[in-house]
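Chemist: Next comes the structure file input22.cif, holding mmCIF, C-alpha atoms (C1' of nucleotides).
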```cif
data_input
#
loop_
_atom_site.label_atom_id
_atom_site.label_comp_id
_atom_site.auth_asym_id
_atom_site.auth_seq_id
_atom_site.Cartn_x
_atom_site.Cartn_y
_atom_site.Cartn_z
CA MET A 42 -1.54 5.49 0.25
CA PRO A 43 -1.74 5.48 3.96
CA GLU A 44 -4.86 4.86 5.97
CA GLY A 45 -4.92 4.75 9.76
CA PRO A 46 -2.95 1.49 10.19
CA GLU A 47 -0.26 2.63 7.76
CA VAL A 48 0.09 6.03 9.43
CA GLN A 49 0.21 4.36 12.85
CA SER A 50 2.93 1.97 11.67
CA ILE A 51 4.99 4.87 10.32
CA VAL A 52 4.48 6.83 13.54
CA THR A 53 5.51 3.89 15.72
CA ASP A 54 8.74 3.42 13.78
CA LEU A 55 9.54 7.13 13.63
CA HIS A 56 8.93 7.43 17.35
CA ASN A 57 11.47 4.69 18.04
CA LEU A 58 13.97 6.04 15.53
CA ILE A 59 14.05 9.81 15.84
CA VAL A 60 12.81 10.94 19.27
CA GLY A 61 15.74 12.67 20.94
CA ARG A 62 17.51 13.47 17.70
CA ARG A 63 18.40 17.09 16.95
CA ILE A 64 17.39 18.94 13.79
CA LEU A 65 20.36 20.45 11.97
CA ASP A 66 18.67 21.85 8.86
CA LEU A 67 15.72 21.66 6.49
CA VAL A 68 16.16 21.09 2.76
CA THR A 69 13.39 21.57 0.20
CA TYR A 70 13.27 20.61 -3.48
CA ASP A 71 10.49 21.05 -6.06
CA TYR A 72 6.82 21.56 -5.22
CA THR A 73 7.66 23.23 -1.90
CA ARG A 74 4.62 25.48 -2.25
CA ARG A 75 2.33 22.49 -2.59
CA LEU A 76 3.79 20.90 0.52
CA PHE A 77 3.94 23.97 2.74
CA GLY A 78 1.38 26.37 1.25
CA GLU A 79 2.08 29.93 2.41
CA ILE A 80 4.65 28.90 5.00
CA ASP A 81 8.03 30.63 4.67
CA VAL A 82 10.57 27.82 4.74
CA ASP A 83 13.48 30.10 5.67
CA CYS A 84 11.50 31.23 8.67
CA LEU A 85 10.65 27.64 9.55
CA ARG A 86 14.32 26.66 9.27
CA ASP A 87 15.25 29.38 11.75
CA LYS A 88 12.51 28.23 14.11
CA THR A 89 13.49 24.55 14.01
CA ALA A 90 17.28 24.45 13.59
CA GLY A 91 18.92 23.21 16.77
CA SER A 92 15.69 21.91 18.28
CA LYS A 93 15.09 18.31 19.25
CA ILE A 94 12.32 15.97 18.16
CA VAL A 95 10.56 15.20 21.42
CA GLY A 96 7.56 13.25 20.17
CA VAL A 97 5.99 11.54 17.16
CA THR A 98 2.24 10.95 17.39
CA ARG A 99 -0.83 10.56 15.21
CA ARG A 100 -4.07 12.54 14.93
CA GLY A 101 -6.38 10.84 12.46
CA LYS A 102 -4.18 10.33 9.43
CA ASN A 103 -1.84 13.17 10.37
CA ILE A 104 1.70 12.50 11.54
CA ILE A 105 2.68 14.94 14.28
CA LEU A 106 6.32 15.78 14.93
CA GLN A 107 6.66 17.59 18.25
CA LEU A 108 9.79 19.73 18.51
CA SER A 109 11.49 21.11 21.61
CA SER A 110 11.19 24.59 20.13
CA ASP A 111 7.42 24.53 20.82
CA VAL A 112 6.74 23.82 17.15
CA TYR A 113 4.50 21.02 15.91
CA LEU A 114 4.76 19.78 12.32
CA ALA A 115 1.53 18.14 11.09
CA ILE A 116 2.24 16.00 8.04
CA HIS A 117 -0.52 14.45 5.96
CA LEU A 118 0.72 11.95 3.37
CA ARG A 119 -2.50 11.88 1.33
CA MET A 120 -2.23 9.25 -1.45
CA THR A 121 1.45 8.67 -2.15
CA GLY A 122 3.44 10.42 0.56
CA GLN A 123 6.25 8.46 2.22
CA MET A 124 8.50 9.03 5.23
CA PHE A 125 12.00 7.61 5.10
CA LEU A 126 14.89 7.60 7.53
CA ARG A 127 18.00 7.05 5.45
CA SER A 128 21.24 8.66 4.35
CA ASP A 129 20.54 9.21 0.65
CA VAL A 130 17.80 11.36 -0.81
CA PRO A 131 14.87 9.26 -2.09
CA LYS A 132 13.15 9.67 -5.44
CA TYR A 133 10.46 12.36 -5.43
CA CYS A 134 11.84 13.86 -2.23
CA ARG A 135 9.97 17.02 -1.19
CA LEU A 136 11.57 17.68 2.19
CA THR A 137 14.65 16.54 4.06
CA ILE A 138 14.98 17.13 7.78
CA LYS A 139 18.68 16.78 8.48
CA LEU A 140 19.31 15.16 11.85
CA ASP A 141 22.38 14.85 14.02
CA GLY A 142 24.03 11.50 14.54
CA GLY A 143 23.23 9.67 11.32
CA GLU A 144 20.41 9.26 8.88
CA ASP A 145 18.10 12.05 7.80
CA LEU A 146 14.30 12.14 7.72
CA HIS A 147 12.79 12.55 4.24
CA LEU A 148 9.29 13.14 2.97
CA ALA A 149 8.88 11.79 -0.57
CA ASP A 150 5.72 12.07 -2.63
CA VAL A 151 5.20 11.31 -6.32
CA ARG A 152 1.85 12.99 -6.66
CA THR A 153 2.62 16.01 -4.48
CA PHE A 154 -0.64 15.90 -2.56
CA ALA A 155 1.08 15.60 0.82
CA THR A 156 0.97 18.63 3.13
CA CYS A 157 2.97 19.89 6.08
CA GLU A 158 1.49 22.42 8.48
CA VAL A 159 3.33 24.26 11.24
CA TRP A 160 1.59 24.77 14.57
CA ASP A 161 2.66 26.69 17.65
CA ALA A 162 2.55 24.63 20.83
CA LYS A 163 0.06 27.03 22.41
CA ASP A 164 -2.42 26.37 19.57
CA PHE A 165 -1.85 22.67 19.10
CA GLU A 166 -4.36 21.56 21.72
CA THR A 167 -7.05 22.81 19.33
CA PHE A 168 -5.63 20.85 16.37
CA GLU A 169 -8.25 18.10 16.38
CA ALA A 170 -11.10 20.53 16.85
CA GLN A 171 -9.88 22.85 14.11
CA LYS A 172 -9.35 19.95 11.73
CA LYS A 173 -12.68 18.48 12.81
CA ILE A 174 -11.10 15.05 13.25
CA GLY A 175 -13.77 12.52 14.17
CA VAL A 176 -13.61 9.64 16.65
CA ASP A 177 -10.44 7.59 16.14
CA ALA A 178 -11.32 4.11 14.89
CA LEU A 179 -7.87 2.87 15.96
CA SER A 180 -8.23 4.01 19.54
CA PRO A 181 -8.93 1.47 22.32
CA SER A 182 -11.71 3.81 23.42
CA PHE A 183 -13.57 3.57 20.08
CA SER A 184 -16.91 2.21 21.28
CA LEU A 185 -20.09 0.70 19.91
CA ARG A 186 -21.84 3.89 20.97
CA ASP A 187 -19.36 5.93 18.93
CA LEU A 188 -20.16 3.88 15.85
CA LYS A 189 -23.90 4.17 16.45
CA THR A 190 -23.55 7.94 16.53
CA VAL A 191 -21.46 7.96 13.36
CA LEU A 192 -24.07 5.89 11.53
CA GLN A 193 -26.90 8.37 12.20
CA SER A 194 -26.76 9.48 8.59
CA LYS A 195 -28.77 9.00 5.44
CA ARG A 196 -25.61 8.75 3.37
CA LEU A 197 -24.24 5.52 1.94
CA LEU A 198 -21.99 3.50 4.24
CA PRO A 199 -18.66 4.11 2.46
CA ALA A 200 -19.28 7.86 2.34
CA VAL A 201 -19.86 7.95 6.11
CA LEU A 202 -17.06 5.58 7.09
CA LEU A 203 -14.58 7.52 4.91
CA ASP A 204 -15.68 10.86 6.35
CA GLN A 205 -12.75 11.73 8.61
CA THR A 206 -14.79 14.38 10.41
CA LYS A 207 -17.15 11.64 11.62
CA ILE A 208 -14.75 8.72 12.12
CA SER A 209 -11.02 8.91 11.47
CA GLY A 210 -8.52 6.27 10.42
CA LEU A 211 -10.46 4.25 7.87
CA GLY A 212 -9.70 4.53 4.16
CA ASN A 213 -11.01 2.78 1.10
CA ILE A 214 -9.17 -0.51 1.69
CA TYR A 215 -10.37 -1.02 5.25
CA VAL A 216 -13.92 0.19 4.60
CA ASN A 217 -14.29 -2.41 1.86
CA GLU A 218 -12.69 -5.16 3.93
CA CYS A 219 -14.74 -4.36 7.05
CA LEU A 220 -18.04 -4.34 5.18
CA PHE A 221 -17.23 -7.69 3.57
CA GLU A 222 -16.22 -9.26 6.86
CA SER A 223 -19.42 -7.92 8.41
CA GLY A 224 -21.60 -9.27 5.61
CA ILE A 225 -23.03 -5.80 4.96
CA HIS A 226 -23.64 -4.51 1.44
CA PRO A 227 -21.64 -1.32 0.74
CA LEU A 228 -24.45 0.46 -1.07
CA ARG A 229 -26.75 0.55 1.94
CA LYS A 230 -27.58 3.73 3.81
CA ALA A 231 -25.72 4.11 7.10
CA ASN A 232 -28.86 4.65 9.17
CA ASN A 233 -30.56 1.45 7.96
CA LEU A 234 -28.36 -0.98 9.85
CA SER A 235 -29.87 -3.12 12.60
CA CYS A 236 -28.39 -3.09 16.10
CA ASP A 237 -26.84 -6.49 15.46
CA GLU A 238 -25.27 -5.29 12.22
CA ILE A 239 -23.77 -2.23 13.91
CA LYS A 240 -22.44 -4.44 16.68
CA LYS A 241 -20.91 -6.79 14.14
CA LEU A 242 -19.42 -3.91 12.14
CA HIS A 243 -17.90 -2.43 15.29
CA GLN A 244 -16.28 -5.74 16.25
CA VAL A 245 -14.96 -6.20 12.71
CA ILE A 246 -13.50 -2.69 12.46
CA VAL A 247 -11.64 -3.17 15.74
CA LYS A 248 -10.43 -6.63 14.70
CA ILE A 249 -9.30 -5.75 11.17
CA LEU A 250 -7.54 -2.50 12.13
CA LYS A 251 -5.73 -4.32 14.94
CA LYS A 252 -4.60 -7.06 12.58
CA ALA A 253 -3.58 -4.49 9.95
CA ILE A 254 -1.42 -2.68 12.50
CA GLU A 255 0.11 -5.97 13.67
CA ASN A 256 1.03 -6.59 10.04
CA ARG A 257 2.36 -3.04 9.64
CA GLY A 258 -0.19 -1.92 7.07
CA THR A 259 -1.09 -2.73 3.48
CA THR A 260 1.35 -2.16 0.60
CA PHE A 261 -0.08 -1.96 -2.89
CA SER A 262 2.50 0.24 -4.51
CA ASP A 263 3.79 3.29 -2.68
CA TYR A 264 3.36 2.61 1.02
CA ARG A 265 6.65 1.96 2.80
CA LEU A 266 7.79 2.07 6.39
CA PRO A 267 10.51 4.60 7.29
CA GLY A 268 13.18 1.91 6.84
CA GLY A 269 11.87 1.07 3.36
CA GLU A 270 10.04 -2.16 4.31
CA ILE A 271 6.64 -2.99 2.87
CA GLY A 272 3.56 -3.82 4.93
CA GLY A 273 2.16 -7.31 5.32
CA PHE A 274 -1.63 -6.96 5.44
CA GLN A 275 -2.16 -7.14 1.66
CA LYS A 276 -2.10 -10.92 1.89
CA TYR A 277 -5.24 -10.84 4.03
CA LEU A 278 -7.35 -8.65 1.72
CA LYS A 279 -10.53 -10.45 0.65
CA VAL A 280 -12.32 -8.00 -1.64
CA PHE A 281 -10.27 -4.83 -2.17
CA ARG A 282 -9.14 -4.75 -5.81
CA ARG A 283 -10.21 -8.36 -6.23
CA ASP A 284 -13.08 -7.73 -8.64
CA GLY A 285 -13.59 -10.71 -10.93
CA GLU A 286 -11.95 -13.11 -8.49
CA PRO A 287 -13.99 -15.71 -6.60
CA CYS A 288 -15.30 -14.77 -3.15
CA VAL A 289 -13.34 -16.58 -0.45
CA LYS A 290 -16.61 -17.59 1.21
CA CYS A 291 -18.96 -18.52 -1.65
CA LYS A 292 -16.82 -18.50 -4.83
CA GLN A 293 -19.13 -16.03 -6.55
CA SER A 294 -17.31 -13.32 -8.51
CA ILE A 295 -16.37 -10.18 -6.55
CA LYS A 296 -18.15 -7.12 -7.93
CA ARG A 297 -16.95 -3.59 -8.33
CA LYS A 298 -18.93 -0.36 -8.58
CA LYS A 299 -18.42 3.36 -8.19
CA SER A 300 -19.86 5.13 -5.19
CA GLY A 301 -19.04 8.65 -4.12
CA GLY A 302 -16.22 8.74 -6.66
CA ARG A 303 -14.54 5.72 -5.06
CA SER A 304 -14.50 2.09 -6.11
CA VAL A 305 -16.41 -0.29 -3.88
CA PHE A 306 -15.65 -4.01 -3.94
CA TYR A 307 -18.07 -6.58 -2.56
CA CYS A 308 -19.69 -9.99 -2.87
CA SER A 309 -23.36 -9.57 -3.77
CA ASN A 310 -24.06 -13.03 -2.37
CA CYS A 311 -22.37 -12.68 1.04
CA GLN A 312 -23.08 -9.00 1.67
CA ILE A 313 -26.75 -8.27 2.30
"C1'" DA B 107 -28.83 17.59 3.10
"C1'" DG B 108 -27.22 14.21 -0.40
"C1'" DT B 109 -24.68 12.96 -4.12
"C1'" DA B 110 -21.68 13.34 -8.02
"C1'" DT B 111 -17.92 15.28 -10.33
"C1'" DA B 112 -13.78 17.50 -10.96
"C1'" DA B 113 -9.59 19.02 -9.23
"C1'" DC B 114 -4.98 18.62 -7.29
"C1'" DC B 115 -0.51 15.41 -9.69
"C1'" DT B 116 2.43 11.47 -11.61
"C1'" DG B 117 2.91 6.76 -12.59
"C1'" DT B 118 1.20 2.30 -14.06
"C1'" DC B 119 -1.56 -0.75 -16.38
"C1'" DT B 120 -4.89 -2.28 -20.13
"C1'" DG B 121 -6.59 -2.44 -24.53
"C1'" DC B 122 -6.50 -1.21 -29.27
"C1'" DT C 118 5.91 -0.24 -29.97
"C1'" DG C 119 2.87 3.56 -29.27
"C1'" DC C 120 -0.83 5.90 -27.70
"C1'" DA C 121 -5.27 6.86 -25.33
"C1'" DG C 122 -7.84 6.11 -21.41
"C1'" DA C 123 -8.74 4.43 -16.89
"C1'" DC C 124 -7.29 4.17 -12.44
"C1'" DA C 125 -4.87 4.95 -7.86
"C1'" DG C 126 -4.39 4.24 -0.49
"C1'" DG C 127 -7.06 11.28 0.23
"C1'" DT C 128 -9.30 15.45 0.63
"C1'" DT C 129 -11.73 19.61 -0.90
"C1'" DA C 130 -14.46 22.77 -3.80
"C1'" DT C 131 -18.23 23.20 -6.67
"C1'" DA C 132 -22.27 21.91 -9.08
"C1'" DC C 133 -26.99 19.51 -9.34
#
```
Can you present the structure in this file as structure tokens?
Modeler:
Amino acid sequence: MPEGPEVQSIVTDLHNLIVGRRILDLVTYDYTRRLFGEIDVDCLRDKTAGSKIVGVTRRGKNIILQLSSDVYLAIHLRMTGQMFLRSDVPKYCRLTIKLDGGEDLHLADVRTFATCEVWDAKDFETFEAQKKIGVDALSPSFSLRDLKTVLQSKRLLPAVLLDQTKISGLGNIYVNECLFESGIHPLRKANNLSCDEIKKLHQVIVKILKKAIENRGTTFSDYRLPGGEIGGFQKYLKVFRRDGEPCVKCKQSIKRKKSGGRSVFYCSNCQI
DNA sequence: AGTATAACCTGTCTGC
DNA sequence: TGCAGACAGGTTATAC
């Protein structure tokens, strides 16, 4: 489900909604082991009960909840994970963080791929290094030089742009949309782009991610904001899951192929 | 070093 | 209506 813009939209809302609230209790349901791995939830409950949420931030596609008890929760929603702030328990709920003064925070996830890690404050500064999170494509500091470095690879473009250890925040939707907008064919090798093409791709990535965040992400099926709202960027998609439809630029049929286990969508006329 | 494939899961959609 | 198969926003392990 969530790529960088979706995670950022969730983080922005959660930050506004839950910073300062106090944790009363943790409730787990089915698939707790898949969410938490080896973590002992009773132990975690003892560590977190009574603490306050002091920050909500993002590292790559991870949502970071910073607690006053020097605990950091790193949540990755994978494909279908959702965060909700509401009073009732949502469908497919895997974790409820009960909060004082109103609605509770829930993590729901149909496919149970989502994960939640617990980090001590003293270790958290090494989070990005340990996770090998690459340069953040959503950051204002993401530069043309950064992209040039990322593209020093013989691999195909989607494989590189989806590699979160090289560049973080892009997912399959935005990779396909950015390559279309840049006029670059998705089955080219990353290290065969000209300087002008890299420059164009950099500008497009910055522009599209910014617009996606302004529109609060792309909802196909599962992605929701913490209040339950859907995103708005789906109406701007030009190639993603539009195979068979006419290209918005040239009217030729949008093609679809498999690459690296993922579907790529493109216009073979407009993307060289 | 690259690529491809399967795996982790459940739900939805398409075609027969 | 039913059933099989493909497919899904992500990531990781394993196999050529």
Chemist: I'd like the interatomic distance between atom CA of Thr53 of chain A and atom CA of Leu203 of chain A, to a tenth of an Å.
Modeler: 23.1 Å
Chemist: Residues picked by the PyMOL selection byres ((chain A) within 8 of (chain B)) here, as an NGL selection string?
Modeler: :A and (151-154 or 195-196 or 301-302)
Chemist: Which distance in Å separates atom CA of Phe77 of chain A and atom CA of Ala178 of chain A, to one decimal?
Modeler: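 If I compute the distance from atom CA of Phe77 of chain A to atom CA of Ala178 of chain A, I get 27.8 Å.
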Chemist: If the PyMOL selection byres ((chain C) within 12 of (chain A)) is run on the structure shown, which residues does it catch, given as number ranges by chain?
Modeler: C: 124-129
Chemist: What does the file look like for those residues with C-alpha atoms (C1' of nucleotides), as a compact mmCIF listing (two decimals), keeping the file's coordinate frame?
Modeler:
```txt
# COMPACT_ATOMS: atom_id res chain seq x y z
C1' DC C 124 -7.29 4.17 -12.44
C1' DA C 125 -4.87 4.95 -7.86
C1' DG C 126 -4.39 4.24 -0.49
C1' DG C 127 -7.06 11.28 0.23
C1' DT C 128 -9.30 15.45 0.63
C1' DT C 129 -11.73 19.61 -0.90
```
Chemist: Tell me, in Å to one decimal, how far atom CA of Cys311 of chain A is from atom CA of Gly224 of chain A.
Modeler: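 A separation of 5.8 Å between them.
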Chemist: Taking the file as shown, what set of residues would the PyMOL selection byres ((chain A and resi 265-276) around 6) give back, as a PDB file with C-alpha atoms, keeping the file's coordinate frame?
Modeler:
```pdb
ATOM      1  CA  ILE A  51       4.990   4.870  10.320  1.00  0.00           C
ATOM      2  CA  MET A 124       8.500   9.030   5.230  1.00  0.00           C
ATOM      3  CA  PHE A 125      12.000   7.610   5.100  1.00  0.00           C
ATOM      4  CA  LEU A 126      14.890   7.600   7.530  1.00  0.00           C
ATOM      5  CA  ALA A 253      -3.580  -4.490   9.950  1.00  0.00           C
ATOM      6  CA  ASN A 256       1.030  -6.590  10.040  1.00  0.00           C
ATOM      7  CA  ARG A 257       2.360  -3.040   9.640  1.00  0.00           C
ATOM      8  CA  GLY A 258      -0.190  -1.920   7.070  1.00  0.00           C
ATOM      9  CA  THR A 259      -1.090  -2.730   3.480  1.00  0.00           C
ATOM     10  CA  THR A 260       1.350  -2.160   0.600  1.00  0.00           C
ATOM     11  CA  TYR A 264       3.360   2.610   1.020  1.00  0.00           C
ATOM     12  CA  TYR A 277      -5.240 -10.840   4.030  1.00  0.00           C
ATOM     13  CA  LEU A 278      -7.350  -8.650   1.720  1.00  0.00           C
TER      14      LEU A 278
END
```
Chemist: Go ahead and fit an axis-aligned box to every listed atom of segment 112-120 of chain B plus 6 Å each side, and pass me the centre and edge lengths in Å, one decimal, as JSON.
Modeler:
```
{"center_x": -5.4, "center_y": 8.4, "center_z": -13.7, "size_x": 28.7, "size_y": 33.3, "size_z": 24.8}
```
Chemist: Name the closest residue to Cys157 of chain A among the candidates A:Ala115, A:Ile59, A:Leu67, A:Val289; distances are taken between atoms, counting all atoms listed in the file.
Modeler: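 Of A:Ala115, A:Ile59, A:Leu67, A:Val289, the one nearest Cys157 of chain A, counting all atoms listed in the file, is A:Ala115.
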Chemist: For Gly101 of chain A, work out the shell of residues within 8 Å, counting only C-alpha atoms (C1' of nucleotides) and skipping chain neighbours fewer than 6 positions away, then give it as a list in words.
Modeler: Gly45, Ile174, Gly175, Asp177, Gln205, Ser209 and Gly210 of chain A
Chemist: Need to verify the contact set: Val60 of chain A, 12 Å, only C-alpha atoms (C1' of nucleotides), exclusion of same-chain residues closer than 6 positions in sequence. Can you return it as a PyMOL selection string?
Modeler: chain A and resi 52-54+92-98+105-109+140-141+146
Chemist: Skip Phe306 of chain A itself and residues of its chain fewer than 3 positions away, then list as a ChimeraX atom specification all residues within 9 Å of it, counting all atoms listed in the file.
Modeler: /A:217-218,221,227,280-284,295-299
